[in-house]
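Next comes model.cif, with mmCIF, C-alpha atoms and all ligand atoms.
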```
data_query
#
loop_
_atom_site.label_atom_id
_atom_site.label_comp_id
_atom_site.auth_asym_id
_atom_site.auth_seq_id
_atom_site.Cartn_x
_atom_site.Cartn_y
_atom_site.Cartn_z
CA MET H 1 -34.26 -25.06 5.85
CA ASN H 2 -31.86 -24.63 8.74
CA PHE H 3 -28.61 -22.73 8.24
CA ASN H 4 -26.61 -24.40 11.05
CA ILE H 5 -23.97 -21.66 11.03
CA ARG H 6 -22.20 -19.26 13.34
CA VAL H 7 -21.92 -15.68 12.02
CA GLY H 8 -20.19 -12.61 13.34
CA ILE H 9 -22.22 -9.57 14.33
CA SER H 10 -20.00 -7.38 12.16
CA ALA H 11 -21.06 -9.40 9.08
CA LEU H 12 -24.76 -8.80 9.74
CA SER H 13 -24.74 -5.23 11.02
CA PHE H 14 -25.15 -3.68 7.55
CA PHE H 15 -28.83 -2.91 7.92
CA GLN H 16 -28.42 -0.31 5.15
CA CYS H 17 -28.27 -3.21 2.63
CA SER H 18 -30.42 -6.27 3.35
CA ARG H 19 -29.00 -7.84 0.17
CA ARG H 20 -25.59 -7.86 1.82
CA GLN H 21 -26.96 -9.42 5.00
CA ILE H 22 -28.73 -12.13 3.00
CA LEU H 23 -25.69 -12.82 0.81
CA SER H 24 -23.43 -13.09 3.84
CA LEU H 25 -25.81 -15.66 5.38
CA LEU H 26 -25.97 -17.69 2.16
CA ALA H 27 -22.18 -17.48 1.73
CA ALA H 28 -21.62 -18.65 5.31
CA LYS H 29 -23.97 -21.60 4.74
CA LYS H 30 -21.96 -22.60 1.66
CA GLY H 31 -18.64 -22.03 3.44
CA ILE H 32 -17.64 -19.22 1.04
CA ARG H 33 -15.52 -16.60 2.74
CA PRO H 34 -15.31 -13.04 1.37
CA LYS H 35 -12.01 -12.33 -0.40
CA MET H 36 -9.55 -10.43 1.78
CA GLU H 37 -6.78 -8.38 0.22
CA VAL H 38 -3.57 -7.24 1.90
CA SER H 39 -4.42 -3.65 2.70
CA LYS H 40 -2.66 -1.01 4.78
CA TYR H 41 -6.01 -0.08 6.34
CA LEU H 42 -6.74 -3.63 7.51
CA MET H 43 -3.20 -4.06 8.84
CA ALA H 44 -3.24 -0.75 10.70
CA GLY H 45 -6.69 -1.51 12.14
CA LYS H 46 -5.55 -4.89 13.45
CA ALA H 47 -2.46 -3.35 15.06
CA LEU H 48 -4.34 -0.43 16.65
CA HIS H 49 -6.91 -2.75 18.23
CA ALA H 50 -4.15 -4.91 19.70
CA ILE H 51 -2.23 -1.86 20.97
CA LEU H 52 -5.30 -0.48 22.75
CA GLN H 53 -6.10 -3.82 24.36
CA GLU H 54 -2.53 -4.61 25.40
CA THR H 55 -2.04 -1.14 26.88
CA PHE H 56 -4.89 -1.56 29.33
CA ARG H 57 -4.54 -5.26 29.94
CA TYR H 58 -0.78 -5.41 30.64
CA HIS H 59 0.84 -1.98 30.83
CA LEU H 60 -0.98 0.19 33.30
CA ASP H 61 2.16 0.15 35.47
CA LYS H 62 4.09 1.81 32.63
CA ILE H 63 1.47 4.56 32.35
CA HIS H 64 1.93 5.06 36.11
CA TYR H 65 5.69 5.29 35.61
CA HIS H 66 5.51 7.98 32.92
CA PHE H 67 2.86 9.91 34.78
CA TYR H 68 4.18 9.83 38.36
CA ARG H 69 7.93 9.42 37.84
CA LYS H 70 8.53 11.18 34.53
CA LYS H 71 5.83 13.80 35.19
CA LEU H 72 4.40 13.51 31.71
CA SER H 73 0.82 14.46 31.02
CA LEU H 74 -1.65 11.60 31.18
CA SER H 75 -2.22 11.54 27.43
CA ASP H 76 1.55 11.59 26.76
CA SER H 77 2.00 8.77 29.28
CA ILE H 78 -0.55 6.65 27.44
CA LEU H 79 0.92 7.63 24.07
CA ASN H 80 4.44 6.62 25.14
CA VAL H 81 3.22 3.17 26.10
CA MET H 82 1.26 2.80 22.87
CA LYS H 83 4.22 3.94 20.75
CA ALA H 84 6.48 1.39 22.43
CA LEU H 85 3.94 -1.34 21.65
CA SER H 86 3.63 -0.21 18.02
CA VAL H 87 7.32 -0.84 17.27
CA ARG H 88 7.00 -4.62 17.10
CA TRP H 89 4.29 -4.41 14.43
CA GLU H 90 6.87 -3.67 11.74
CA THR H 91 8.58 -6.99 12.58
CA PHE H 92 5.25 -8.75 12.61
CA PHE H 93 4.21 -7.41 9.18
CA ARG H 94 7.65 -8.08 7.66
CA TYR H 95 8.36 -11.55 8.98
CA GLU H 96 5.40 -13.12 10.73
CA ALA H 97 2.17 -12.06 9.03
CA GLY H 98 2.55 -14.59 6.24
CA PHE H 99 2.71 -12.32 3.19
CA PRO H 100 5.93 -11.55 1.25
CA TRP H 101 7.58 -8.30 2.29
CA GLU H 102 8.85 -7.50 -1.22
CA ASP H 103 5.39 -7.75 -2.81
CA ASN H 104 3.69 -5.74 -0.07
CA ARG H 105 6.35 -3.19 0.84
CA ALA H 106 4.14 -0.17 0.02
CA GLU H 107 1.13 -1.49 1.94
CA ILE H 108 3.27 -2.33 5.00
CA SER H 109 4.94 1.10 5.00
CA GLY H 110 1.51 2.69 4.58
CA ALA H 111 0.15 0.68 7.53
CA LEU H 112 3.03 1.76 9.79
CA SER H 113 2.52 5.39 8.93
CA LEU H 114 -1.26 5.07 9.52
CA ILE H 115 -0.56 3.59 12.96
CA ASP H 116 1.65 6.60 13.79
CA ASP H 117 -1.10 8.98 12.67
CA HIS H 118 -3.85 7.28 14.68
CA LEU H 119 -1.98 6.75 17.96
CA PRO H 120 -2.22 10.32 19.36
CA ILE H 121 -6.01 10.28 18.86
CA LEU H 122 -6.28 6.80 20.36
CA ALA H 123 -4.33 8.03 23.41
CA GLN H 124 -6.72 10.98 23.72
CA CYS H 125 -9.76 8.69 23.60
CA SER H 126 -8.16 6.40 26.17
CA LEU H 127 -7.99 9.26 28.68
CA SER H 128 -11.67 8.61 29.31
CA LEU H 129 -10.73 5.23 30.84
CA LEU H 130 -8.74 6.84 33.61
CA ASP H 131 -10.33 8.38 36.61
CA ASP H 132 -10.26 12.04 37.50
CA THR H 133 -10.38 12.03 41.29
CA GLN H 134 -10.18 14.87 43.80
CA GLY H 135 -9.62 17.50 41.18
CA GLU H 136 -6.43 16.05 39.82
CA LYS H 137 -5.89 13.35 37.27
CA SER H 138 -5.16 10.03 38.81
CA VAL H 139 -4.13 6.83 37.11
CA GLN H 140 -6.74 4.81 38.94
CA THR H 141 -8.32 2.86 36.16
CA LEU H 142 -11.58 1.12 35.64
CA THR H 143 -11.94 -2.60 35.40
CA VAL H 144 -11.43 -3.43 31.75
CA ALA H 145 -11.74 -6.53 29.64
CA ASP H 146 -11.06 -6.90 25.96
CA GLU H 147 -12.53 -9.16 23.31
CA PHE H 148 -15.52 -9.80 25.55
CA GLU H 149 -17.80 -12.24 23.74
CA VAL H 150 -21.58 -11.90 23.34
CA MET H 151 -23.71 -14.57 21.71
CA ALA H 152 -27.34 -15.04 20.69
CA LYS H 153 -29.33 -17.80 19.04
CA LEU H 154 -31.33 -16.65 16.04
CA ARG H 155 -33.90 -18.49 13.95
CA ARG H 156 -33.02 -21.49 11.79
CA ASN H 157 -30.12 -22.53 13.97
CA ILE H 158 -27.93 -19.48 13.46
CA ILE H 159 -25.57 -18.47 16.25
CA LEU H 160 -24.74 -14.79 16.19
CA ASN H 161 -21.62 -13.80 18.05
CA GLY H 162 -19.28 -10.87 18.43
CA ARG H 163 -16.42 -9.64 20.54
CA ILE H 164 -16.52 -6.20 22.10
CA ASP H 165 -13.18 -4.44 21.65
CA LEU H 166 -13.07 -3.06 25.17
CA LEU H 167 -15.45 -3.32 28.06
CA ALA H 168 -14.99 -0.99 31.03
CA ARG H 169 -16.87 -1.12 34.32
CA GLU H 170 -17.61 2.13 36.08
CA ASP H 171 -19.61 1.82 39.32
CA HIS H 172 -22.89 0.23 38.18
CA ARG H 173 -22.45 0.96 34.50
CA LEU H 174 -20.78 -1.04 31.77
CA ARG H 175 -19.18 0.79 28.86
CA PHE H 176 -19.08 -1.12 25.57
CA ILE H 177 -16.33 0.44 23.48
CA GLU H 178 -15.66 -0.22 19.80
CA LEU H 179 -12.60 1.21 18.13
CA LYS H 180 -13.14 2.28 14.52
CA THR H 181 -10.18 3.23 12.39
CA GLY H 182 -12.14 4.08 9.24
CA SER H 183 -14.76 6.72 8.52
CA PRO H 184 -18.00 6.57 10.50
CA LYS H 185 -20.72 4.30 9.08
CA ASP H 186 -24.27 3.55 10.23
CA SER H 187 -23.31 -0.12 10.66
CA ASP H 188 -20.88 0.89 13.45
CA GLU H 189 -23.87 1.94 15.55
CA PHE H 190 -25.92 -1.12 14.60
CA GLN H 191 -23.04 -3.34 15.68
CA LEU H 192 -22.88 -1.78 19.14
CA ARG H 193 -26.65 -1.77 19.53
CA LEU H 194 -26.68 -5.51 18.77
CA TYR H 195 -24.04 -6.06 21.47
CA ARG H 196 -26.21 -4.29 23.99
CA GLU H 197 -29.43 -6.03 22.93
CA ILE H 198 -27.76 -9.44 23.31
CA ALA H 199 -26.20 -8.57 26.68
CA LYS H 200 -29.60 -7.36 27.93
CA GLN H 201 -31.15 -10.76 27.14
CA THR H 202 -29.20 -12.32 29.99
CA SER H 203 -28.83 -9.24 32.24
CA PRO H 204 -31.86 -6.99 31.62
CA ASP H 205 -31.19 -4.66 34.57
CA ILE H 206 -27.62 -3.82 33.69
CA ASP H 207 -26.86 -0.22 32.70
CA ILE H 208 -24.85 -0.25 29.46
CA SER H 209 -23.46 2.72 27.56
CA LEU H 210 -22.20 2.41 23.99
CA GLU H 211 -19.16 4.27 22.66
CA LEU H 212 -17.56 4.42 19.25
CA TRP H 213 -13.98 5.65 19.24
CA TYR H 214 -12.97 7.08 15.88
CA THR H 215 -9.24 7.56 15.43
CA LYS H 216 -8.95 8.43 11.73
CA PRO H 217 -7.20 11.83 11.64
CA SER H 218 -9.21 13.15 8.71
CA SER H 219 -12.50 11.95 10.12
CA ASP H 220 -15.38 14.43 10.14
CA LEU H 221 -15.56 14.12 13.91
CA THR H 222 -12.79 16.64 14.41
CA ASN H 223 -13.58 17.35 18.05
CA ALA H 224 -15.82 14.54 19.21
CA ARG H 225 -13.67 11.45 18.68
CA ILE H 226 -15.90 9.51 21.03
CA LYS H 227 -19.43 9.08 19.80
CA ASN H 228 -22.05 7.95 22.28
CA VAL H 229 -24.65 5.71 20.70
CA THR H 230 -28.16 6.11 22.01
CA ASP H 231 -30.77 3.39 21.98
CA ILE H 232 -33.88 3.80 19.88
CA HIS H 233 -35.62 0.80 21.47
CA LYS H 234 -36.17 -0.98 18.18
CA SER H 235 -35.17 -4.62 18.22
CA LEU H 236 -32.41 -5.33 15.72
CA LEU H 237 -32.50 -9.04 16.61
CA LYS H 238 -36.14 -9.15 15.53
CA LYS H 239 -35.19 -7.47 12.27
CA LEU H 240 -32.37 -9.99 11.75
CA ASN H 241 -34.78 -12.87 12.28
CA GLU H 242 -37.01 -11.40 9.54
CA ILE H 243 -34.00 -11.19 7.22
CA ILE H 244 -33.12 -14.81 7.98
CA GLU H 245 -36.60 -15.88 6.88
CA ILE H 246 -36.16 -13.99 3.59
CA ALA H 247 -32.71 -15.58 3.11
CA ALA H 248 -34.19 -19.04 3.69
CA SER H 249 -36.77 -18.46 0.95
CA ILE H 250 -34.30 -17.40 -1.75
CA LYS H 251 -33.86 -19.91 -4.58
CA GLU H 252 -32.09 -17.85 -7.26
CA SER H 253 -30.28 -14.53 -7.61
CA ASN H 254 -33.42 -12.84 -9.01
CA ASP H 255 -35.11 -13.36 -5.64
CA LEU H 256 -32.54 -11.14 -3.89
CA PRO H 257 -33.31 -7.54 -2.88
CA GLU H 258 -32.07 -4.98 -5.43
CA ARG H 259 -28.51 -3.65 -5.33
CA ILE H 260 -28.26 -0.30 -3.57
CA TYR H 261 -25.26 1.18 -5.46
CA ASP H 262 -23.93 3.11 -2.50
CA PRO H 263 -20.36 4.10 -3.47
CA TYR H 264 -19.09 4.08 0.11
CA LEU H 265 -20.84 0.94 1.33
CA CYS H 266 -20.23 -1.06 -1.85
CA ARG H 267 -16.58 -0.02 -2.12
CA TYR H 268 -15.32 -2.59 0.35
CA CYS H 269 -18.07 -5.16 -0.16
CA LYS H 270 -17.35 -8.07 -2.49
CA TYR H 271 -20.67 -9.90 -2.24
CA CYS H 272 -22.18 -8.69 -5.52
CA ASP H 273 -18.92 -9.62 -7.31
CA GLN H 274 -19.07 -13.14 -5.87
CA ILE H 275 -22.69 -13.78 -6.72
CA ASN H 276 -21.92 -16.44 -9.32
CA GLN H 277 -20.28 -18.57 -6.64
CA LEU H 278 -23.51 -18.56 -4.68
CA PHE H 279 -25.83 -19.04 -7.62
CA PRO H 280 -23.86 -20.98 -10.28
CA ILE H 281 -25.43 -20.69 -13.76
S1 LIG K 1 -21.90 -4.59 -3.13
FE1 LIG K 1 -23.32 -3.02 -2.38
S2 LIG K 1 -25.36 -3.71 -3.08
FE2 LIG K 1 -23.97 -5.47 -3.23
S3 LIG K 1 -24.28 -6.54 -1.29
FE3 LIG K 1 -22.51 -5.19 -1.05
S4 LIG K 1 -23.36 -3.30 -0.15
FE4 LIG K 1 -25.08 -4.46 -1.00
#
```

Exercise: express the given structure as structure tokens:
Amino acid sequence: MNFNIRVGISALSFFQCSRRQILSLLAAKKGIRPKMEVSKYLMAGKALHAILQETFRYHLDKIHYHFYRKKLSLSDSILNVMKALSVRWETFFRYEAGFPWEDNRAEISGALSLIDDHLPILAQCSLSLLDDTQGEKSVQTLTVADEFEVMAKLRRNIILNGRIDLLAREDHRLRFIELKTGSPKDSDEFQLRLYREIAKQTSPDIDISLELWYTKPSSDLTNARIKNVTDIHKSLLKKLNEIIEIAASIKESNDLPERIYDPYLCRYCKYCDQINQLFPI
């Protein structure tokens, strides 16, 4: 059986639960999409990703202005630009996002306040993108690209693809950066390691470092907001191909791996709730 589907890396990076990986493959084959609810966390995450990317794609000149003309610190210069970009998100959520303001007032207000809370930490993380030359901070930046796409062909005609939040080039090294606005999870690291493994298929000699930027204020990583992910030289693509073979052999729900009952991982996962859609009685 061929799947003939395209799946996102983020959907398959939950190596902690192979049941979830298998269910997401079967759901994609049947065209069933996981239910998405309007949530302040999702809204804030979407906005923060866009703010980071827009800041470095379009507004480096404004960082220069605050830093050189206004004599602000570098982190305050970045923060000022990010705050200015955050203002339009209220309009977007209220009038353009496609959900009624009256029904979602609390979630929208919550999202705006989350954005405010995360921005100072995001600005701090972003300092690492700017060069420190000749002993004083300079706003010479690295080459950056956002939403850089990586793609791999897996077994049974499955295309695996993902978009790296921010890619920075520093001399001969590429930095793959993923922004995470929730609490740290093992799948965050698996996601980045898959990006690198796929990129290495076409450019084996390239030096790639992996960074997770955590901006949740109450996160455990109180000091180290940037987590460097090290490689353990174990092929995740090989593991995914094994999971695909298991998924292809499943005929009924009893064939699935057992539930794991992990309160944190299962909290935002709807696959076990949607099982009857995949295996109608
Ligand atoms: S709800 Fe929990 S056990 Fe079920 S697929 Fe999701 S993560 Fe796995």

If you measure from CA of Leu119 (chain H) to CA of Leu48 (chain H), what distance in Å do you get, rounded to one decimal?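 We find that CA of Leu119 (chain H) and CA of Leu48 (chain H) lie 7.7 Å from each other.
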
Within 8 Å of ligand LIG 1 (chain K), counting all atoms listed in the file: which residues, as a list of chain:residue names?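 Result of the 8 Å neighbour search around ligand LIG 1 (chain K): H:Phe14, H:Gln16, H:Cys17, H:Ser18, H:Arg19, H:Arg20, H:Gln21, H:Leu23, H:Glu258, H:Arg259, H:Ile260, H:Tyr261, H:Asp262, H:Pro263, H:Leu265, H:Cys266, H:Arg267, H:Tyr268, H:Cys269, H:Lys270, H:Tyr271, H:Cys272, H:Asp273.
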
Excluding same-chain residues fewer than 4 positions from Leu256 (chain H), what lies within 8 Å of it counting all atoms listed in the file, as a ChimeraX atom specification? /H:19,22,250,252

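Proximity ranking of H:Ile159, H:Leu237, H:Ile78, H:Leu179 relative to Pro120 (chain H) places H:Ile78 first, based on all atoms listed in the file.
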
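Using only C-alpha atoms, the shortest contact distance between Cys125 (chain H) and any of H:Lys46, H:Arg225, H:His233, H:His59 is found at H:Arg225.
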
Identify, on the basis of all atoms listed in the file, every residue whose closest approach to Lys83 (chain H) does not exceed 10 Å; exclude the query and any residue fewer than 2 positions from it along the same chain; express the result as a count of residues only. 14

Just need the box for region 65-73 of chain H, edges along x, y and z, holding every atom the file lists for it with 5 Å tacked onto each side, so centre and edge lengths in Å to one decimal, as lines of an AutoDock Vina configuration file.
```
center_x = 4.7
center_y = 9.9
center_z = 34.7
size_x = 17.7
size_y = 19.2
size_z = 17.3
```

Return as a Markdown table the residues of region 148-245 of chain H lying at most 9 Å from region 5-10 of chain H, together with the closest atom-to-atom pair for each and the distance in Å to one decimal, counting only C-alpha atoms, with rows in chain order and ascending residue number.
```
| residue | atom | partner | partner_atom | distance |
| --- | --- | --- | --- | --- |
| H:Asn157 | CA | H:Ile5 | CA | 6.9 |
| H:Ile158 | CA | H:Ile5 | CA | 5.1 |
| H:Ile159 | CA | H:Arg6 | CA | 4.5 |
| H:Leu160 | CA | H:Val7 | CA | 5.1 |
| H:Asn161 | CA | H:Gly8 | CA | 5.1 |
| H:Gly162 | CA | H:Ile9 | CA | 5.2 |
| H:Arg163 | CA | H:Ile9 | CA | 8.5 |
| H:Ser187 | CA | H:Ser10 | CA | 8.1 |
| H:Asp188 | CA | H:Ser10 | CA | 8.4 |
| H:Phe190 | CA | H:Ser10 | CA | 9.0 |
| H:Gln191 | CA | H:Ser10 | CA | 6.2 |
| H:Leu194 | CA | H:Ile9 | CA | 7.5 |
| H:Tyr195 | CA | H:Ile9 | CA | 8.2 |
```

Using all atoms listed in the file, the shortest atom-to-atom distance to Ala106 (chain H) among H:His118, H:Lys40, H:Lys62, H:Lys70 belongs to H:Lys40

Do you know which residues lie at most 9 Å from (-31.8, -14.6, 7.0), with coordinates as in the file and only C-alpha atoms counted, and could you write them as JSON, numbers by chain? {"H": [3, 21, 22, 23, 25, 26, 155, 156, 158, 240, 241, 242, 243, 244, 245, 246, 247, 248, 249]}

Which of these, H:Arg33, H:Asp205, H:Asn4, H:Leu42, has the shortest distance to Gln277 (chain H) once you count all atoms listed in the file? H:Arg33
